[in-house]
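A.B. asks: So I've got this file, coords-v5.txt, and it contains compact mmCIF, C-alpha atoms and all ligand atoms:
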# COMPACT_ATOMS: atom_id res chain seq x y z
CA MET A 1 43.38 60.38 -12.60
CA ILE A 2 43.63 62.16 -9.22
CA PHE A 3 41.06 64.85 -8.40
CA SER A 4 42.72 67.21 -5.97
CA LEU A 5 41.59 70.21 -3.99
CA VAL A 6 43.85 73.15 -3.21
CA GLY A 7 43.21 76.40 -1.33
CA LEU A 8 43.92 78.28 1.86
CA PRO A 9 43.33 76.77 5.32
CA GLY A 10 39.60 76.76 6.01
CA SER A 11 38.55 76.87 2.35
CA GLY A 12 36.90 73.45 2.78
CA LYS A 13 39.38 71.11 1.08
CA THR A 14 38.96 68.34 3.64
CA THR A 15 35.19 68.74 4.05
CA VAL A 16 34.36 69.15 0.35
CA GLY A 17 36.91 66.49 -0.71
CA ARG A 18 35.32 63.84 1.49
CA GLN A 19 31.85 64.53 0.06
CA LEU A 20 33.15 64.73 -3.49
CA ALA A 21 34.77 61.31 -3.14
CA ARG A 22 31.51 59.85 -1.86
CA ARG A 23 29.68 61.35 -4.81
CA LEU A 24 32.19 60.09 -7.38
CA GLN A 25 32.45 56.73 -5.56
CA LEU A 26 36.20 57.06 -5.32
CA PRO A 27 38.53 56.61 -2.34
CA PHE A 28 39.25 59.77 -0.36
CA VAL A 29 42.62 60.76 1.04
CA ASP A 30 43.76 63.91 2.79
CA SER A 31 47.51 64.46 2.54
CA ASP A 32 47.56 65.93 6.07
CA HIS A 33 45.96 62.77 7.47
CA ALA A 34 48.47 60.62 5.56
CA ILE A 35 51.32 62.74 6.97
CA GLU A 36 49.98 62.47 10.52
CA ALA A 37 49.67 58.68 10.17
CA ARG A 38 53.26 58.52 8.98
CA LEU A 39 54.62 60.84 11.68
CA GLY A 40 52.58 59.36 14.51
CA CYS A 41 51.83 62.84 15.82
CA SER A 42 49.77 65.88 14.88
CA ILE A 43 50.95 68.34 12.26
CA ARG A 44 50.92 71.09 14.84
CA GLU A 45 53.23 69.11 17.15
CA PHE A 46 55.56 68.30 14.26
CA PHE A 47 55.71 71.97 13.19
CA GLU A 48 56.61 72.98 16.72
CA ARG A 49 59.27 70.28 17.09
CA GLU A 50 60.89 70.13 13.64
CA GLY A 51 59.84 73.31 11.85
CA GLU A 52 58.00 74.08 8.64
CA ALA A 53 60.82 73.21 6.20
CA ARG A 54 60.97 69.60 7.42
CA PHE A 55 57.18 69.37 7.16
CA ARG A 56 57.33 70.57 3.53
CA ASP A 57 59.84 67.82 2.67
CA ILE A 58 57.55 65.13 4.04
CA GLU A 59 54.51 66.74 2.41
CA GLN A 60 56.26 66.63 -0.96
CA GLU A 61 57.09 62.92 -0.60
CA VAL A 62 53.53 62.11 0.44
CA ILE A 63 51.96 64.09 -2.43
CA ASP A 64 54.29 62.48 -4.95
CA ALA A 65 53.28 59.03 -3.67
CA LEU A 66 49.54 59.73 -3.40
CA THR A 67 49.31 61.20 -6.90
CA GLN A 68 50.66 57.95 -8.33
CA GLU A 69 47.87 55.88 -6.79
CA THR A 70 44.74 54.62 -8.47
CA PRO A 71 41.97 57.20 -9.08
CA ARG A 72 40.90 59.06 -5.96
CA VAL A 73 40.03 62.41 -4.45
CA LEU A 74 42.98 64.07 -2.72
CA SER A 75 42.58 66.98 -0.34
CA THR A 76 45.90 68.75 0.12
CA GLY A 77 47.17 70.99 2.92
CA GLY A 78 46.99 74.72 2.27
CA GLY A 79 50.74 75.04 1.70
CA ALA A 80 51.10 72.18 -0.77
CA VAL A 81 51.34 74.56 -3.71
CA LEU A 82 54.44 76.26 -2.29
CA ARG A 83 56.65 73.59 -3.90
CA SER A 84 56.71 73.67 -7.68
CA ALA A 85 57.14 69.86 -7.75
CA ASN A 86 53.79 69.52 -5.97
CA ARG A 87 52.07 71.93 -8.36
CA GLN A 88 53.40 69.94 -11.30
CA HIS A 89 52.50 66.53 -9.89
CA LEU A 90 48.98 67.58 -8.93
CA ARG A 91 48.36 69.25 -12.27
CA SER A 92 49.85 66.61 -14.55
CA ARG A 93 48.38 63.59 -12.75
CA GLY A 94 44.76 64.67 -12.69
CA ARG A 95 42.49 67.66 -12.29
CA VAL A 96 43.01 70.34 -9.68
CA ILE A 97 40.21 72.38 -8.13
CA TYR A 98 41.02 75.62 -6.31
CA LEU A 99 38.54 76.44 -3.55
CA LYS A 100 38.90 80.20 -3.43
CA SER A 101 37.72 82.28 -0.47
CA THR A 102 38.46 85.70 0.96
CA PRO A 103 40.89 85.92 3.89
CA GLU A 104 38.10 87.54 5.93
CA GLU A 105 35.73 84.58 5.41
CA LEU A 106 38.48 82.10 6.23
CA TYR A 107 39.41 84.00 9.36
CA ARG A 108 35.76 83.85 10.47
CA ARG A 109 35.71 80.09 9.95
CA LEU A 110 38.98 79.37 11.73
CA ARG A 111 38.99 81.99 14.48
CA HIS A 112 38.65 79.38 17.23
CA ASP A 113 40.69 76.62 15.57
CA VAL A 114 43.82 75.51 17.42
CA HIS A 115 45.03 72.87 14.97
CA ARG A 116 46.52 75.08 12.25
CA PRO A 117 50.04 76.04 13.26
CA LEU A 118 50.37 78.99 10.87
CA LEU A 119 47.35 80.71 12.43
CA GLN A 120 48.49 80.44 16.07
CA VAL A 121 49.74 84.04 16.03
CA ALA A 122 48.69 87.32 17.64
CA ASP A 123 46.98 88.60 14.48
CA PRO A 124 45.62 85.66 12.45
CA LEU A 125 43.60 87.88 10.11
CA THR A 126 46.72 89.69 8.91
CA ARG A 127 48.46 86.32 8.59
CA MET A 128 45.57 85.02 6.47
CA ARG A 129 45.76 88.10 4.23
CA ASP A 130 49.49 87.57 3.79
CA LEU A 131 48.95 83.88 2.95
CA PHE A 132 46.34 84.87 0.37
CA ALA A 133 48.67 87.40 -1.27
CA GLU A 134 51.51 84.89 -1.43
CA ARG A 135 49.54 81.84 -2.48
CA ASP A 136 46.60 82.92 -4.65
CA PRO A 137 48.85 83.06 -7.76
CA LEU A 138 50.20 79.59 -6.94
CA TYR A 139 46.75 78.06 -6.46
CA ARG A 140 45.71 79.56 -9.79
CA GLU A 141 48.82 78.22 -11.47
CA ALA A 142 48.16 74.69 -10.18
CA ALA A 143 44.40 74.65 -10.80
CA HIS A 144 42.28 73.58 -13.77
CA PHE A 145 39.12 74.96 -12.10
CA VAL A 146 38.51 77.80 -9.65
CA LEU A 147 35.42 77.86 -7.41
CA GLU A 148 34.43 80.76 -5.15
CA THR A 149 33.47 79.23 -1.82
CA GLY A 150 32.16 82.20 0.17
CA ARG A 151 28.42 81.52 0.01
CA PRO A 152 27.64 78.05 -1.37
CA SER A 153 27.07 75.14 1.00
CA VAL A 154 29.35 72.12 0.86
CA ALA A 155 26.68 70.16 -1.05
CA THR A 156 26.37 72.94 -3.65
CA LEU A 157 30.13 73.09 -4.09
CA VAL A 158 30.24 69.34 -4.65
CA ASN A 159 27.51 69.67 -7.31
CA MET A 160 29.43 72.46 -9.02
CA ILE A 161 32.65 70.44 -9.07
CA VAL A 162 30.94 67.33 -10.43
CA MET A 163 29.33 69.43 -13.17
CA GLN A 164 32.71 70.90 -14.17
CA LEU A 165 34.34 67.48 -14.24
CA GLU A 166 31.48 66.05 -16.32
CA LEU A 167 31.73 68.95 -18.78
CA ALA A 168 35.47 68.38 -19.04
CA GLY A 169 34.73 64.73 -19.84
CA VAL A 170 36.88 63.34 -17.03
CA VAL A 171 34.06 61.69 -15.08
CA PRO A 172 31.10 59.85 -16.63
CA ARG A 173 27.85 61.82 -16.98
CA HIS A 174 24.76 60.46 -15.29
N1 LIG B 201 31.29 75.86 1.98
C1 LIG B 201 31.38 75.99 3.32
N2 LIG B 201 30.51 76.76 3.98
C2 LIG B 201 30.60 76.89 5.33
N3 LIG B 201 31.53 76.30 6.10
C3 LIG B 201 32.42 75.52 5.50
C4 LIG B 201 32.40 75.32 4.08
N4 LIG B 201 33.44 74.49 3.76
C5 LIG B 201 34.06 74.20 4.93
N5 LIG B 201 33.46 74.81 5.97
C6 LIG B 201 33.88 74.73 7.39
O1 LIG B 201 35.13 75.40 7.49
C7 LIG B 201 35.99 74.71 8.40
C8 LIG B 201 37.28 74.33 7.69
O2 LIG B 201 37.00 73.32 6.72
P1 LIG B 201 38.13 72.27 6.25
O3 LIG B 201 37.44 71.31 5.36
O4 LIG B 201 38.85 71.75 7.44
O5 LIG B 201 39.09 73.23 5.41
P2 LIG B 201 40.56 72.96 4.84
O6 LIG B 201 40.77 71.47 4.80
O7 LIG B 201 40.56 73.59 3.50
O8 LIG B 201 41.47 73.66 5.80
C9 LIG B 201 35.20 73.50 8.91
O9 LIG B 201 34.64 73.85 10.14
C10 LIG B 201 34.13 73.30 7.85
O10 LIG B 201 32.97 72.71 8.38
O1 LIG B 202 48.54 76.39 4.91
C1 LIG B 202 49.45 75.64 5.34
O2 LIG B 202 50.65 75.89 5.12
C2 LIG B 202 49.07 74.44 6.11
C3 LIG B 202 47.76 74.02 6.08
C4 LIG B 202 47.28 72.85 6.82
O3 LIG B 202 46.22 72.22 6.07
P1 LIG B 202 44.75 72.90 5.88
O4 LIG B 202 44.82 73.79 4.68
O5 LIG B 202 43.81 71.75 5.68
O6 LIG B 202 44.47 73.68 7.14
C5 LIG B 202 48.41 71.86 7.10
O7 LIG B 202 48.84 71.23 5.93
C6 LIG B 202 49.57 72.57 7.73
O8 LIG B 202 49.12 73.07 8.97
C7 LIG B 202 50.13 73.70 6.86
MG MG B 203 42.30 70.22 5.53
Spit out the file's structure as structure tokens when you get a sec.
C.D. replies:
Amino acid sequence: MIFSLVGLPGSGKTTVGRQLARRLQLPFVDSDHAIEARLGCSIREFFEREGEARFRDIEQEVIDALTQETPRVLSTGGGAVLRSANRQHLRSRGRVIYLKSTPEELYRRLRHDVHRPLLQVADPLTRMRDLFAERDPLYREAAHFVLETGRPSVATLVNMIVMQLELAGVVPRH
């Protein structure tokens, strides 16, 4: 059983995923970190050199492999849901949590970030709104649970996720 987190850049997948894994006492893996280890360079560099399509191919291979591992928490990259194979693998091999936020909140969080290639544009807020419009239906299609992440702290979100997973009977209650 793989517990994965999906959502737009900045929604907290990496941050919440790491804490969730600690709480569930499971290994944590972030598909972007696994991709960077495999490529030997940053995702931003790879995007600039090889383009997005090539990145998506590698992302799909990595997600297929990671979702066949022993139980763990998997934080995905924001574009993982673009491929239907990824949506299917994530959904059928575990439970998927969509961290949902407004484009405005995400823009506020990532305004000064230089690591996310898709947001290195003249108007990142409009880009974030476009990404939301394109991807929100895909996140919802992939997800078993949707959590609004605007206000709650990371610790509260972790509590909410654990409660949902306990109610669903996929992690032991304590
Ligand atoms: N619930 C939250 N409340 C406030 N800030 C958050 C929350 N979740 C994440 N952040 C912050 O937002 C930024 C992006 O988080 P990150 O985990 O890298 O997102 P993702 O992996 O989804 O792109 C980080 O600076 C993180 O500390
Ligand atoms: O939204 C996207 O298409 C991407 C999001 C990034 O991950 P985060 O969602 O952790 O920023 C990373 O996978 C890559 O830059 C592409
Ligand atoms: Mg991340």
A.B. asks: Kindly indicate which residue among A:Val170, A:Ile35, A:Leu90, A:Met163 lies nearest to ligand MG 203 (chain B), using all atoms listed in the file for the distances.
C.D. replies: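 Nearest to ligand MG 203 (chain B): A:Ile35.
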A.B. asks: Taking all atoms listed in the file into account, report as a ChimeraX atom specification which residues have an atom no farther than 9 Å from an atom of ligand LIG 202 (chain B).
C.D. replies: /A:6-14,30-32,35,43-44,47,52,55-56,59,75-82,115-119,131
A.B. asks: Padding 6 Å on each side, edges along x, y and z: where is the centre of the box around the listed atoms of ligand LIG 201 (chain B), and how long are its edges in Å to one decimal? Output it as JSON.
C.D. replies:
{"center_x": 36.0, "center_y": 74.1, "center_z": 6.1, "size_x": 23.0, "size_y": 17.6, "size_z": 20.2}
A.B. asks: When you look at Ser4 in chain A with a cut-off of 10 Å (counting only C-alpha atoms), what residues show up, excluding the ones that are within fewer than 2 positions of it in the same chain? I need them as JSON, numbers by chain.
C.D. replies: {"A": [1, 2, 6, 13, 17, 28, 29, 30, 67, 72, 73, 74, 75, 76, 90, 91, 93, 94, 95, 96, 97, 98, 143]}
A.B. asks: With C-alpha atoms retained, write the just-selected residues as a PDB file, in the frame of the given file.
C.D. replies:
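The resulting file, part_11.pdb, is shown below:
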ATOM      1  CA  MET A   1      43.380  60.380 -12.600  1.00  0.00           C
ATOM      2  CA  ILE A   2      43.630  62.160  -9.220  1.00  0.00           C
ATOM      3  CA  VAL A   6      43.850  73.150  -3.210  1.00  0.00           C
ATOM      4  CA  LYS A  13      39.380  71.110   1.080  1.00  0.00           C
ATOM      5  CA  GLY A  17      36.910  66.490  -0.710  1.00  0.00           C
ATOM      6  CA  PHE A  28      39.250  59.770  -0.360  1.00  0.00           C
ATOM      7  CA  VAL A  29      42.620  60.760   1.040  1.00  0.00           C
ATOM      8  CA  ASP A  30      43.760  63.910   2.790  1.00  0.00           C
ATOM      9  CA  THR A  67      49.310  61.200  -6.900  1.00  0.00           C
ATOM     10  CA  ARG A  72      40.900  59.060  -5.960  1.00  0.00           C
ATOM     11  CA  VAL A  73      40.030  62.410  -4.450  1.00  0.00           C
ATOM     12  CA  LEU A  74      42.980  64.070  -2.720  1.00  0.00           C
ATOM     13  CA  SER A  75      42.580  66.980  -0.340  1.00  0.00           C
ATOM     14  CA  THR A  76      45.900  68.750   0.120  1.00  0.00           C
ATOM     15  CA  LEU A  90      48.980  67.580  -8.930  1.00  0.00           C
ATOM     16  CA  ARG A  91      48.360  69.250 -12.270  1.00  0.00           C
ATOM     17  CA  ARG A  93      48.380  63.590 -12.750  1.00  0.00           C
ATOM     18  CA  GLY A  94      44.760  64.670 -12.690  1.00  0.00           C
ATOM     19  CA  ARG A  95      42.490  67.660 -12.290  1.00  0.00           C
ATOM     20  CA  VAL A  96      43.010  70.340  -9.680  1.00  0.00           C
ATOM     21  CA  ILE A  97      40.210  72.380  -8.130  1.00  0.00           C
ATOM     22  CA  TYR A  98      41.020  75.620  -6.310  1.00  0.00           C
ATOM     23  CA  ALA A 143      44.400  74.650 -10.800  1.00  0.00           C
TER      24      ALA A 143
END
A.B. asks: List the spatial neighbours of range 110-112 of chain A as a compact mmCIF listing (two decimals) with C-alpha atoms, in the coordinates of the input - criterion: any atom at most 8 Å away, only C-alpha atoms, same-chain residues fewer than 3 positions off excluded.
C.D. replies:
# COMPACT_ATOMS: atom_id res chain seq x y z
CA GLY A 10 39.60 76.76 6.01
CA LEU A 106 38.48 82.10 6.23
CA TYR A 107 39.41 84.00 9.36
CA PRO A 124 45.62 85.66 12.45
A.B. asks: Find the residue from A:Gly150, A:Gly51, A:Pro103, A:Pro172 that sits nearest to ligand LIG 201 (chain B); use only C-alpha atoms and all ligand atoms when measuring.
C.D. replies: A:Gly150
A.B. asks: Kindly complete range 124-139 of chain A to N, CA and C atoms; the output should be written as a PDB file, in the frame of the given file.
C.D. replies:
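Now in part-v2.pdb:
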ATOM      1  N   PRO A 124      45.845  86.654  13.517  1.00  0.00           N
ATOM      2  CA  PRO A 124      45.620  85.660  12.450  1.00  0.00           C
ATOM      3  C   PRO A 124      44.973  86.231  11.194  1.00  0.00           C
ATOM      4  N   LEU A 125      44.210  87.312  11.321  1.00  0.00           N
ATOM      5  CA  LEU A 125      43.600  87.880  10.110  1.00  0.00           C
ATOM      6  C   LEU A 125      44.670  88.448   9.172  1.00  0.00           C
ATOM      7  N   THR A 126      45.629  89.168   9.745  1.00  0.00           N
ATOM      8  CA  THR A 126      46.720  89.690   8.910  1.00  0.00           C
ATOM      9  C   THR A 126      47.522  88.525   8.327  1.00  0.00           C
ATOM     10  N   ARG A 127      47.737  87.481   9.108  1.00  0.00           N
ATOM     11  CA  ARG A 127      48.460  86.320   8.590  1.00  0.00           C
ATOM     12  C   ARG A 127      47.702  85.705   7.408  1.00  0.00           C
ATOM     13  N   MET A 128      46.371  85.598   7.541  1.00  0.00           N
ATOM     14  CA  MET A 128      45.570  85.020   6.470  1.00  0.00           C
ATOM     15  C   MET A 128      45.658  85.896   5.208  1.00  0.00           C
ATOM     16  N   ARG A 129      45.629  87.201   5.396  1.00  0.00           N
ATOM     17  CA  ARG A 129      45.760  88.100   4.230  1.00  0.00           C
ATOM     18  C   ARG A 129      47.113  87.937   3.561  1.00  0.00           C
ATOM     19  N   ASP A 130      48.150  87.768   4.356  1.00  0.00           N
ATOM     20  CA  ASP A 130      49.490  87.570   3.790  1.00  0.00           C
ATOM     21  C   ASP A 130      49.563  86.235   3.030  1.00  0.00           C
ATOM     22  N   LEU A 131      48.943  85.191   3.619  1.00  0.00           N
ATOM     23  CA  LEU A 131      48.950  83.880   2.950  1.00  0.00           C
ATOM     24  C   LEU A 131      48.212  83.973   1.614  1.00  0.00           C
ATOM     25  N   PHE A 132      47.099  84.710   1.624  1.00  0.00           N
ATOM     26  CA  PHE A 132      46.340  84.870   0.370  1.00  0.00           C
ATOM     27  C   PHE A 132      47.204  85.549  -0.693  1.00  0.00           C
ATOM     28  N   ALA A 133      47.862  86.645  -0.299  1.00  0.00           N
ATOM     29  CA  ALA A 133      48.670  87.400  -1.270  1.00  0.00           C
ATOM     30  C   ALA A 133      49.789  86.524  -1.838  1.00  0.00           C
ATOM     31  N   GLU A 134      50.391  85.728  -0.981  1.00  0.00           N
ATOM     32  CA  GLU A 134      51.510  84.890  -1.430  1.00  0.00           C
ATOM     33  C   GLU A 134      51.031  83.719  -2.284  1.00  0.00           C
ATOM     34  N   ARG A 135      49.901  83.132  -1.886  1.00  0.00           N
ATOM     35  CA  ARG A 135      49.540  81.840  -2.480  1.00  0.00           C
ATOM     36  C   ARG A 135      48.490  81.893  -3.582  1.00  0.00           C
ATOM     37  N   ASP A 136      47.661  82.918  -3.620  1.00  0.00           N
ATOM     38  CA  ASP A 136      46.600  82.920  -4.650  1.00  0.00           C
ATOM     39  C   ASP A 136      47.171  82.683  -6.056  1.00  0.00           C
ATOM     40  N   PRO A 137      48.300  83.332  -6.421  1.00  0.00           N
ATOM     41  CA  PRO A 137      48.850  83.060  -7.760  1.00  0.00           C
ATOM     42  C   PRO A 137      49.289  81.608  -7.936  1.00  0.00           C
ATOM     43  N   LEU A 138      49.736  80.984  -6.844  1.00  0.00           N
ATOM     44  CA  LEU A 138      50.200  79.590  -6.940  1.00  0.00           C
ATOM     45  C   LEU A 138      49.034  78.621  -7.062  1.00  0.00           C
ATOM     46  N   TYR A 139      47.953  78.902  -6.322  1.00  0.00           N
ATOM     47  CA  TYR A 139      46.750  78.060  -6.460  1.00  0.00           C
ATOM     48  C   TYR A 139      46.235  78.155  -7.893  1.00  0.00           C
TER      49      TYR A 139
END
